[in-house]
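**Student:** work-v4.cif is the file, holding mmCIF, C-alpha atoms (C1' of nucleotides):
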```
data_protein
loop_
_atom_site.label_atom_id
_atom_site.label_comp_id
_atom_site.auth_asym_id
_atom_site.auth_seq_id
_atom_site.Cartn_x
_atom_site.Cartn_y
_atom_site.Cartn_z
CA MET A 5 -27.56 11.61 3.19
CA LEU A 6 -23.91 12.60 3.08
CA ARG A 7 -23.09 11.30 6.52
CA MET A 8 -19.63 12.24 7.68
CA ARG A 9 -17.40 9.51 8.97
CA LEU A 10 -14.03 9.64 10.70
CA LEU A 11 -11.70 6.78 9.95
CA PRO A 12 -10.05 5.22 13.02
CA HIS A 13 -6.91 6.88 14.23
CA PRO A 14 -4.95 6.84 17.51
CA ALA A 15 -5.78 9.14 20.39
CA THR A 16 -3.41 12.02 20.91
CA GLU A 17 -1.80 10.48 23.97
CA ASP A 18 -1.19 7.24 22.08
CA ILE A 19 0.88 8.85 19.35
CA GLU A 20 4.37 7.42 19.57
CA LEU A 21 7.46 9.40 18.64
CA THR A 22 9.18 6.58 16.80
CA GLU A 23 6.01 5.88 14.83
CA VAL A 24 5.77 9.51 13.78
CA LEU A 25 9.42 9.63 12.81
CA ARG A 26 9.13 6.41 10.86
CA ALA A 27 6.04 7.69 9.10
CA LEU A 28 7.85 10.86 8.08
CA ALA A 29 11.06 9.09 7.13
CA ASP A 30 9.84 8.45 3.60
CA PRO A 31 10.09 10.93 0.73
CA VAL A 32 6.61 10.23 -0.59
CA ARG A 33 4.94 10.54 2.79
CA LEU A 34 6.96 13.62 3.60
CA GLU A 35 5.75 15.19 0.37
CA ILE A 36 2.17 14.32 1.23
CA VAL A 37 2.57 15.94 4.63
CA ALA A 38 4.15 19.01 3.07
CA ARG A 39 1.22 19.33 0.70
CA LEU A 40 -1.26 19.00 3.51
CA SER A 41 0.62 21.64 5.42
CA ALA A 42 0.53 23.99 2.47
CA CYS A 43 -3.00 23.31 1.28
CA GLY A 44 -4.87 22.25 4.39
CA GLU A 45 -7.51 19.62 3.91
CA MET A 46 -7.26 17.68 0.68
CA THR A 47 -8.86 14.71 -0.97
CA CYS A 48 -6.78 11.60 -1.32
CA GLY A 49 -6.81 12.13 -5.03
CA ASN A 50 -5.39 15.61 -4.85
CA ALA A 51 -2.85 14.74 -2.19
CA GLY A 52 -1.59 11.82 -4.21
CA ASP A 53 -1.51 13.48 -7.59
CA HIS A 54 1.81 13.53 -9.44
CA LEU A 55 3.56 11.73 -6.61
CA GLY A 56 5.01 9.20 -9.00
CA VAL A 57 3.44 6.26 -7.23
CA HIS A 58 0.43 4.11 -7.94
CA LYS A 59 -2.93 5.02 -6.48
CA SER A 60 -2.87 2.03 -4.16
CA THR A 61 0.61 2.89 -2.98
CA ALA A 62 -0.56 6.34 -2.01
CA SER A 63 -3.43 4.74 -0.18
CA HIS A 64 -1.01 2.64 1.83
CA HIS A 65 0.92 5.77 2.70
CA TYR A 66 -2.27 7.40 3.94
CA ARG A 67 -2.86 4.39 6.13
CA THR A 68 0.66 4.58 7.51
CA LEU A 69 0.36 8.28 8.25
CA ARG A 70 -3.03 7.81 9.84
CA ALA A 71 -1.88 4.87 11.98
CA ALA A 72 1.08 6.92 13.18
CA GLY A 73 -1.23 9.76 14.16
CA VAL A 74 0.08 12.22 11.60
CA ILE A 75 -3.07 12.69 9.58
CA VAL A 76 -6.78 12.15 10.02
CA SER A 77 -9.23 11.03 7.36
CA LYS A 78 -12.86 11.93 7.20
CA GLN A 79 -15.17 10.53 4.65
CA GLU A 80 -17.94 12.58 3.10
CA GLY A 81 -19.86 10.67 0.56
CA ARG A 82 -17.49 9.13 -1.92
CA ILE A 83 -14.69 11.47 -1.07
CA ILE A 84 -12.17 11.03 1.73
CA TYR A 85 -10.57 14.20 3.01
CA ILE A 86 -7.27 14.00 4.82
CA SER A 87 -5.61 16.65 6.94
CA LEU A 88 -2.67 17.09 9.24
CA ARG A 89 -3.21 16.52 12.96
CA ARG A 90 -1.20 19.61 13.61
CA ASP A 91 -2.62 20.51 17.01
CA ASP A 92 -2.34 16.97 18.31
CA LEU A 93 1.23 16.65 17.14
CA ASP A 94 2.13 20.03 18.56
CA ALA A 95 0.59 19.10 21.88
CA ARG A 96 2.42 15.82 22.07
CA PHE A 97 5.75 16.77 20.48
CA PRO A 98 6.12 20.54 20.59
CA GLY A 99 8.05 21.98 17.70
CA LEU A 100 8.60 18.66 15.97
CA LEU A 101 6.28 19.09 13.03
CA ASP A 102 7.29 22.70 12.49
CA SER A 103 10.98 21.92 12.36
CA ILE A 104 10.40 19.04 9.96
CA LEU A 105 8.16 21.10 7.71
CA ALA A 106 10.64 23.94 7.77
CA ALA A 107 13.33 21.51 6.66
CA THR A 108 11.07 20.09 3.98
CA HIS A 109 10.59 23.15 1.80
CA PRO A 110 13.97 24.84 2.13
CA THR A 111 13.04 28.32 0.99
CA ALA A 112 9.33 29.02 1.14
CA GLY A 113 6.05 27.66 -0.16
CA ALA A 114 7.81 25.36 -2.54
CA LEU A 115 4.78 23.38 -3.59
CA ALA A 116 2.67 24.93 -6.27
CA PRO A 117 -0.74 25.49 -4.75
CA LEU A 118 -3.41 23.31 -6.19
CA MET B 16 51.42 6.94 19.25
CA LEU B 17 47.77 7.53 19.97
CA ARG B 18 46.95 9.12 16.66
CA MET B 19 43.40 10.45 16.48
CA ARG B 20 41.28 9.42 13.55
CA LEU B 21 37.87 10.60 12.38
CA LEU B 22 35.71 7.98 10.78
CA PRO B 23 34.09 9.03 7.49
CA HIS B 24 30.84 10.89 7.78
CA PRO B 25 28.81 13.14 5.46
CA ALA B 26 29.45 16.87 5.18
CA THR B 27 26.91 19.09 6.86
CA GLU B 28 25.31 20.18 3.62
CA ASP B 29 24.93 16.56 2.53
CA ILE B 30 22.83 15.56 5.53
CA GLU B 31 19.40 14.55 4.24
CA LEU B 32 16.25 15.05 6.25
CA THR B 33 14.72 11.69 5.42
CA GLU B 34 17.97 9.96 6.32
CA VAL B 35 18.05 11.66 9.70
CA LEU B 36 14.41 10.84 10.36
CA ARG B 37 14.92 7.23 9.35
CA ALA B 38 17.98 6.99 11.55
CA LEU B 39 16.03 8.32 14.53
CA ALA B 40 12.93 6.25 13.81
CA ASP B 41 14.28 3.30 15.76
CA PRO B 42 13.96 2.87 19.52
CA VAL B 43 17.51 1.62 19.97
CA ARG B 44 19.07 4.42 17.97
CA LEU B 45 16.86 6.98 19.60
CA GLU B 46 18.05 5.76 22.98
CA ILE B 47 21.65 5.99 21.86
CA VAL B 48 21.08 9.56 20.71
CA ALA B 49 19.35 10.43 23.96
CA ARG B 50 22.32 9.08 25.90
CA LEU B 51 24.75 11.05 23.80
CA SER B 52 22.69 14.15 24.37
CA ALA B 53 22.70 13.59 28.12
CA CYS B 54 26.27 12.45 28.52
CA GLY B 55 28.11 14.12 25.68
CA GLU B 56 30.94 12.16 24.16
CA MET B 57 30.86 8.45 24.96
CA THR B 58 32.69 5.31 23.97
CA CYS B 59 30.79 2.81 21.88
CA GLY B 60 30.86 0.47 24.83
CA ASN B 61 29.23 2.93 27.19
CA ALA B 62 26.70 4.11 24.64
CA GLY B 63 25.67 0.56 23.86
CA ASP B 64 25.54 -0.77 27.40
CA HIS B 65 22.25 -2.29 28.58
CA LEU B 66 20.58 -1.57 25.29
CA GLY B 67 19.35 -5.14 25.03
CA VAL B 68 21.07 -5.76 21.73
CA HIS B 69 24.22 -7.56 20.74
CA LYS B 70 27.48 -5.66 20.55
CA SER B 71 27.58 -5.99 16.79
CA THR B 72 24.02 -4.79 16.46
CA ALA B 73 24.92 -1.66 18.35
CA SER B 74 27.87 -1.23 16.03
CA HIS B 75 25.53 -1.39 13.04
CA HIS B 76 23.40 1.29 14.64
CA TYR B 77 26.43 3.52 15.08
CA ARG B 78 27.17 3.09 11.42
CA THR B 79 23.61 4.02 10.50
CA LEU B 80 23.65 7.09 12.71
CA ARG B 81 27.03 8.12 11.35
CA ALA B 82 25.99 7.61 7.73
CA ALA B 83 22.89 9.72 8.34
CA GLY B 84 25.02 12.50 9.79
CA VAL B 85 23.62 12.25 13.29
CA ILE B 86 26.80 11.27 15.10
CA VAL B 87 30.50 11.43 14.51
CA SER B 88 33.08 8.87 15.58
CA LYS B 89 36.67 9.57 16.45
CA GLN B 90 39.13 6.90 17.24
CA GLU B 91 41.79 7.35 19.89
CA GLY B 92 43.89 4.30 20.30
CA ARG B 93 41.67 1.32 20.82
CA ILE B 94 38.72 3.40 21.86
CA ILE B 95 36.16 4.97 19.53
CA TYR B 96 34.34 7.98 20.90
CA ILE B 97 31.01 8.95 19.43
CA SER B 98 29.16 12.21 19.86
CA LEU B 99 26.14 14.02 18.51
CA ARG B 100 26.64 16.38 15.56
CA ARG B 101 24.44 18.85 17.32
CA ASP B 102 25.75 22.01 15.69
CA ASP B 103 25.63 20.53 12.22
CA LEU B 104 22.11 19.26 12.70
CA ASP B 105 20.99 22.57 14.16
CA ALA B 106 22.51 24.42 11.24
CA ARG B 107 20.85 22.21 8.68
CA PHE B 108 17.51 21.52 10.37
CA PRO B 109 16.94 24.16 13.04
CA GLY B 110 15.00 22.92 16.03
CA LEU B 111 14.66 19.37 14.77
CA LEU B 112 17.02 17.65 17.16
CA ASP B 113 15.83 19.66 20.13
CA SER B 114 12.19 18.82 19.56
CA ILE B 115 12.98 15.14 19.13
CA LEU B 116 15.16 15.03 22.21
CA ALA B 117 12.53 16.88 24.19
CA ALA B 118 10.00 14.28 23.11
CA THR B 119 12.39 11.48 23.96
CA HIS B 120 12.73 12.01 27.70
CA PRO B 121 9.27 13.34 28.58
CA THR B 122 10.07 14.90 31.95
CA ALA B 123 13.73 15.62 32.43
CA GLY B 124 17.08 13.86 32.44
CA ALA B 125 15.47 10.47 32.38
CA LEU B 126 18.62 8.51 31.75
CA ALA B 127 20.72 7.78 34.78
CA PRO B 128 24.04 9.48 34.16
CA LEU B 129 26.88 7.12 33.64
"C1'" DC C 27 55.80 -11.36 20.90
"C1'" DG C 28 51.48 -13.03 22.87
"C1'" DC C 29 47.29 -11.64 24.64
"C1'" DA C 30 43.30 -9.28 26.30
"C1'" DT C 31 40.40 -5.28 24.99
"C1'" DG C 32 37.20 -2.62 22.13
"C1'" DG C 33 34.78 -2.59 17.96
"C1'" DT C 34 33.94 -3.82 13.20
"C1'" DT C 35 32.76 -7.01 9.45
"C1'" DG C 36 30.57 -10.78 7.23
"C1'" DG C 37 27.15 -14.17 6.76
"C1'" DA C 38 22.54 -15.96 7.81
"C1'" DT C 39 18.00 -15.28 9.13
"C1'" DT C 40 13.82 -13.19 9.85
"C1'" DA C 41 10.75 -9.38 9.59
"C1'" DT C 42 9.32 -4.94 7.36
"C1'" DT C 43 8.50 -2.16 3.84
"C1'" DG C 44 7.60 0.09 -0.74
"C1'" DT C 45 5.65 -0.87 -4.92
"C1'" DC C 46 2.39 -2.34 -8.58
"C1'" DA C 47 -1.58 -4.65 -10.45
"C1'" DA C 48 -5.95 -6.35 -10.15
"C1'" DA C 49 -9.96 -6.96 -7.77
"C1'" DC C 50 -13.14 -5.14 -4.61
"C1'" DA C 51 -16.31 -1.78 -2.09
"C1'" DA C 52 -19.02 2.20 -1.19
"C1'" DT C 53 -21.33 6.03 -2.92
"C1'" DG C 54 -24.02 9.19 -5.57
"C1'" DG C 55 -25.91 10.29 -10.23
"C1'" DG C 56 -28.46 9.34 -14.43
"C1'" DC D 24 -31.02 -0.09 -11.17
"C1'" DC D 25 -26.80 0.34 -13.43
"C1'" DC D 26 -22.65 2.82 -13.84
"C1'" DA D 27 -18.80 5.87 -13.20
"C1'" DT D 28 -16.02 7.76 -9.47
"C1'" DT D 29 -12.91 7.32 -5.34
"C1'" DG D 30 -10.32 4.82 -2.60
"C1'" DT D 31 -9.22 0.53 -0.25
"C1'" DT D 32 -7.78 -4.26 0.03
"C1'" DT D 33 -5.32 -8.28 -1.28
"C1'" DG D 34 -1.57 -10.67 -3.35
"C1'" DA D 35 2.92 -10.87 -5.11
"C1'" DC D 36 7.54 -9.41 -5.26
"C1'" DA D 37 11.90 -7.09 -4.57
"C1'" DA D 38 14.56 -4.42 -1.48
"C1'" DT D 39 15.84 -3.05 3.17
"C1'" DA D 40 16.64 -3.58 7.71
"C1'" DA D 41 17.31 -5.52 12.54
"C1'" DT D 42 19.31 -9.00 14.79
"C1'" DC D 43 22.65 -12.63 16.30
"C1'" DC D 44 26.82 -15.28 16.01
"C1'" DA D 45 31.34 -15.97 14.75
"C1'" DA D 46 35.31 -14.36 12.91
"C1'" DC D 47 38.23 -10.75 12.32
"C1'" DC D 48 41.26 -6.57 13.19
"C1'" DA D 49 43.76 -3.00 15.40
"C1'" DT D 50 45.78 -1.44 19.54
"C1'" DG D 51 48.21 -1.12 23.73
"C1'" DC D 52 50.14 -3.70 27.61
"C1'" DG D 53 52.85 -7.22 29.93
#
```
Output the file's structure as structure tokens, nothing else.

**Tutor:**
Amino acid sequence: MLRMRLLPHPATEDIELTEVLRALADPVRLEIVARLSACGEMTCGNAGDHLGVHKSTASHHYRTLRAAGVIVSKQEGRIIYISLRRDDLDARFPGLLDSILAATHPTAGALAPL
Amino acid sequence: MLRMRLLPHPATEDIELTEVLRALADPVRLEIVARLSACGEMTCGNAGDHLGVHKSTASHHYRTLRAAGVIVSKQEGRIIYISLRRDDLDARFPGLLDSILAATHPTAGALAPL
DNA sequence: CGCATGGTTGGATTATTGTCAAACAATGGG
DNA sequence: CCCATTGTTTGACAATAATCCAACCATGCG
């Protein structure tokens, strides 16, 4: 069947600044967000590869990012794809994500594309 | 004598993004930063007034903000003045502080000036 | 000097958080 | 129907952090 399912995440207007900042105030989560920014939609497996943390730890980070409104997860079959809520974040906090991403990879596309 | 003394704080190039985000990912500290942005230089007493936290708690927050490179403290006599390191933050993470401050007070100068 | 003022420091406490490991769950393929 | 694949959930644990209270400290003033 391959039904597509969106995992629960906050509405745009319910995204809180402090929650977003707290979600991004962690090196691992910041790296995940940077990867998503560079690569677009990714599976949890790809996003969490070579992060230096256990699979379950990465999963917790996805939950944190999703609860904060930073990413959205959609499940297709066995695979869960995650992606940045770039438009929602831009609408709610203009310029915030861009400035953080710009600060994340100092020079250019620092992350080797998958 | 009234000697002026700067309390220790990190050099501009040593300011870390995750540290800044973590420092700002707290409602109390975010409010302090918003006040400093609105009012400029303030004493610790003024910055911490009506925050709903104990005097010593506010002091801990100043320390956190200073250690992260967000504010700078200079002592004149008995009084310690704190202010935003706006230029340093802008130089290191362009647009970051502005976007956060813009998201902090949604409409305009929300905080009643002292 | 003695004292009030303005902040910091040092526990103590309580709550969060980051992490791993192991078990679990859902899904699609043979 | 069983099994491998993909992630999540739960439990445990160590580290961090937010807070208050009390004590402290430096400073300027009388």

**Student:** Applied to the shown file, which residues does the PyMOL selection byres ((chain A) within 9 of (chain C)) return, written as an MDAnalysis selection string?

**Tutor:** chainID A and resid 57:58 60:61 81:83

**Student:** Starting from the PyMOL selection byres ((chain B) within 12 of (chain D)), expand the selection into actual residues of this file and give them as a list of chain:residue names.

**Tutor:**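 On this input, the PyMOL selection byres ((chain B) within 12 of (chain D)) captures B:Met16, B:Leu17, B:Arg18, B:Arg37, B:Ala38, B:Asp41, B:Pro42, B:Val43, B:Arg44, B:Gly67, B:Val68, B:His69, B:Lys70, B:Ser71, B:Thr72, B:Ala73, B:Ser74, B:His75, B:His76, B:Thr79, B:Gln90, B:Glu91, B:Gly92, B:Arg93, B:Ile94, B:Ile95.
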
**Student:** Between atom CA of A:Leu100 and atom CA of B:Arg107, what is the spacing in Å?

**Tutor:** 14.7 Å

**Student:** Could you list the residues in chain A lying within 12 Å of chain B, using only C-alpha atoms, and format the result as a PDB file with C-alpha atoms, in the coordinates of the input?

**Tutor:**
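Once everything was written out, this is iface.pdb:
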```pdb
ATOM      1  CA  ILE A  19       0.880   8.850  19.350  1.00  0.00           C
ATOM      2  CA  GLU A  20       4.370   7.420  19.570  1.00  0.00           C
ATOM      3  CA  LEU A  21       7.460   9.400  18.640  1.00  0.00           C
ATOM      4  CA  THR A  22       9.180   6.580  16.800  1.00  0.00           C
ATOM      5  CA  GLU A  23       6.010   5.880  14.830  1.00  0.00           C
ATOM      6  CA  VAL A  24       5.770   9.510  13.780  1.00  0.00           C
ATOM      7  CA  LEU A  25       9.420   9.630  12.810  1.00  0.00           C
ATOM      8  CA  ARG A  26       9.130   6.410  10.860  1.00  0.00           C
ATOM      9  CA  ALA A  27       6.040   7.690   9.100  1.00  0.00           C
ATOM     10  CA  LEU A  28       7.850  10.860   8.080  1.00  0.00           C
ATOM     11  CA  ALA A  29      11.060   9.090   7.130  1.00  0.00           C
ATOM     12  CA  ASP A  30       9.840   8.450   3.600  1.00  0.00           C
ATOM     13  CA  PRO A  31      10.090  10.930   0.730  1.00  0.00           C
ATOM     14  CA  VAL A  32       6.610  10.230  -0.590  1.00  0.00           C
ATOM     15  CA  ARG A  33       4.940  10.540   2.790  1.00  0.00           C
ATOM     16  CA  LEU A  34       6.960  13.620   3.600  1.00  0.00           C
ATOM     17  CA  GLU A  35       5.750  15.190   0.370  1.00  0.00           C
ATOM     18  CA  ALA A  72       1.080   6.920  13.180  1.00  0.00           C
ATOM     19  CA  LEU A  93       1.230  16.650  17.140  1.00  0.00           C
ATOM     20  CA  ASP A  94       2.130  20.030  18.560  1.00  0.00           C
ATOM     21  CA  ALA A  95       0.590  19.100  21.880  1.00  0.00           C
ATOM     22  CA  ARG A  96       2.420  15.820  22.070  1.00  0.00           C
ATOM     23  CA  PHE A  97       5.750  16.770  20.480  1.00  0.00           C
ATOM     24  CA  PRO A  98       6.120  20.540  20.590  1.00  0.00           C
ATOM     25  CA  GLY A  99       8.050  21.980  17.700  1.00  0.00           C
ATOM     26  CA  LEU A 100       8.600  18.660  15.970  1.00  0.00           C
ATOM     27  CA  LEU A 101       6.280  19.090  13.030  1.00  0.00           C
ATOM     28  CA  ASP A 102       7.290  22.700  12.490  1.00  0.00           C
ATOM     29  CA  SER A 103      10.980  21.920  12.360  1.00  0.00           C
ATOM     30  CA  ILE A 104      10.400  19.040   9.960  1.00  0.00           C
ATOM     31  CA  LEU A 105       8.160  21.100   7.710  1.00  0.00           C
ATOM     32  CA  ALA A 106      10.640  23.940   7.770  1.00  0.00           C
ATOM     33  CA  ALA A 107      13.330  21.510   6.660  1.00  0.00           C
ATOM     34  CA  THR A 108      11.070  20.090   3.980  1.00  0.00           C
ATOM     35  CA  HIS A 109      10.590  23.150   1.800  1.00  0.00           C
ATOM     36  CA  PRO A 110      13.970  24.840   2.130  1.00  0.00           C
TER      37      PRO A 110
END
```

**Student:** Starting from the PyMOL selection byres ((chain A and resi 70) around 10), expand the selection into actual residues of this file and give them as a PyMOL selection string.

**Tutor:** chain A and resi 11-14+24+27+64-69+71-77+86-89

**Student:** How about saving the chosen residues, C-alpha atoms kept, as a compact mmCIF listing (two decimals), keeping the file's coordinate frame?

**Tutor:**
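The resulting file, again_29.txt, is shown below:
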```
# COMPACT_ATOMS: atom_id res chain seq x y z
CA LEU A 11 -11.70 6.78 9.95
CA PRO A 12 -10.05 5.22 13.02
CA HIS A 13 -6.91 6.88 14.23
CA PRO A 14 -4.95 6.84 17.51
CA VAL A 24 5.77 9.51 13.78
CA ALA A 27 6.04 7.69 9.10
CA HIS A 64 -1.01 2.64 1.83
CA HIS A 65 0.92 5.77 2.70
CA TYR A 66 -2.27 7.40 3.94
CA ARG A 67 -2.86 4.39 6.13
CA THR A 68 0.66 4.58 7.51
CA LEU A 69 0.36 8.28 8.25
CA ALA A 71 -1.88 4.87 11.98
CA ALA A 72 1.08 6.92 13.18
CA GLY A 73 -1.23 9.76 14.16
CA VAL A 74 0.08 12.22 11.60
CA ILE A 75 -3.07 12.69 9.58
CA VAL A 76 -6.78 12.15 10.02
CA SER A 77 -9.23 11.03 7.36
CA ILE A 86 -7.27 14.00 4.82
CA SER A 87 -5.61 16.65 6.94
CA LEU A 88 -2.67 17.09 9.24
CA ARG A 89 -3.21 16.52 12.96
```

**Student:** Quick one: pull the distance between atom CA of A:Met46 and atom CA of A:Asp92, Å, one decimal.

**Tutor:** 18.3 Å

**Student:** How many Å separate atom CA of A:Ala38 from atom CA of B:Ala26?

**Tutor:** 25.5 Å
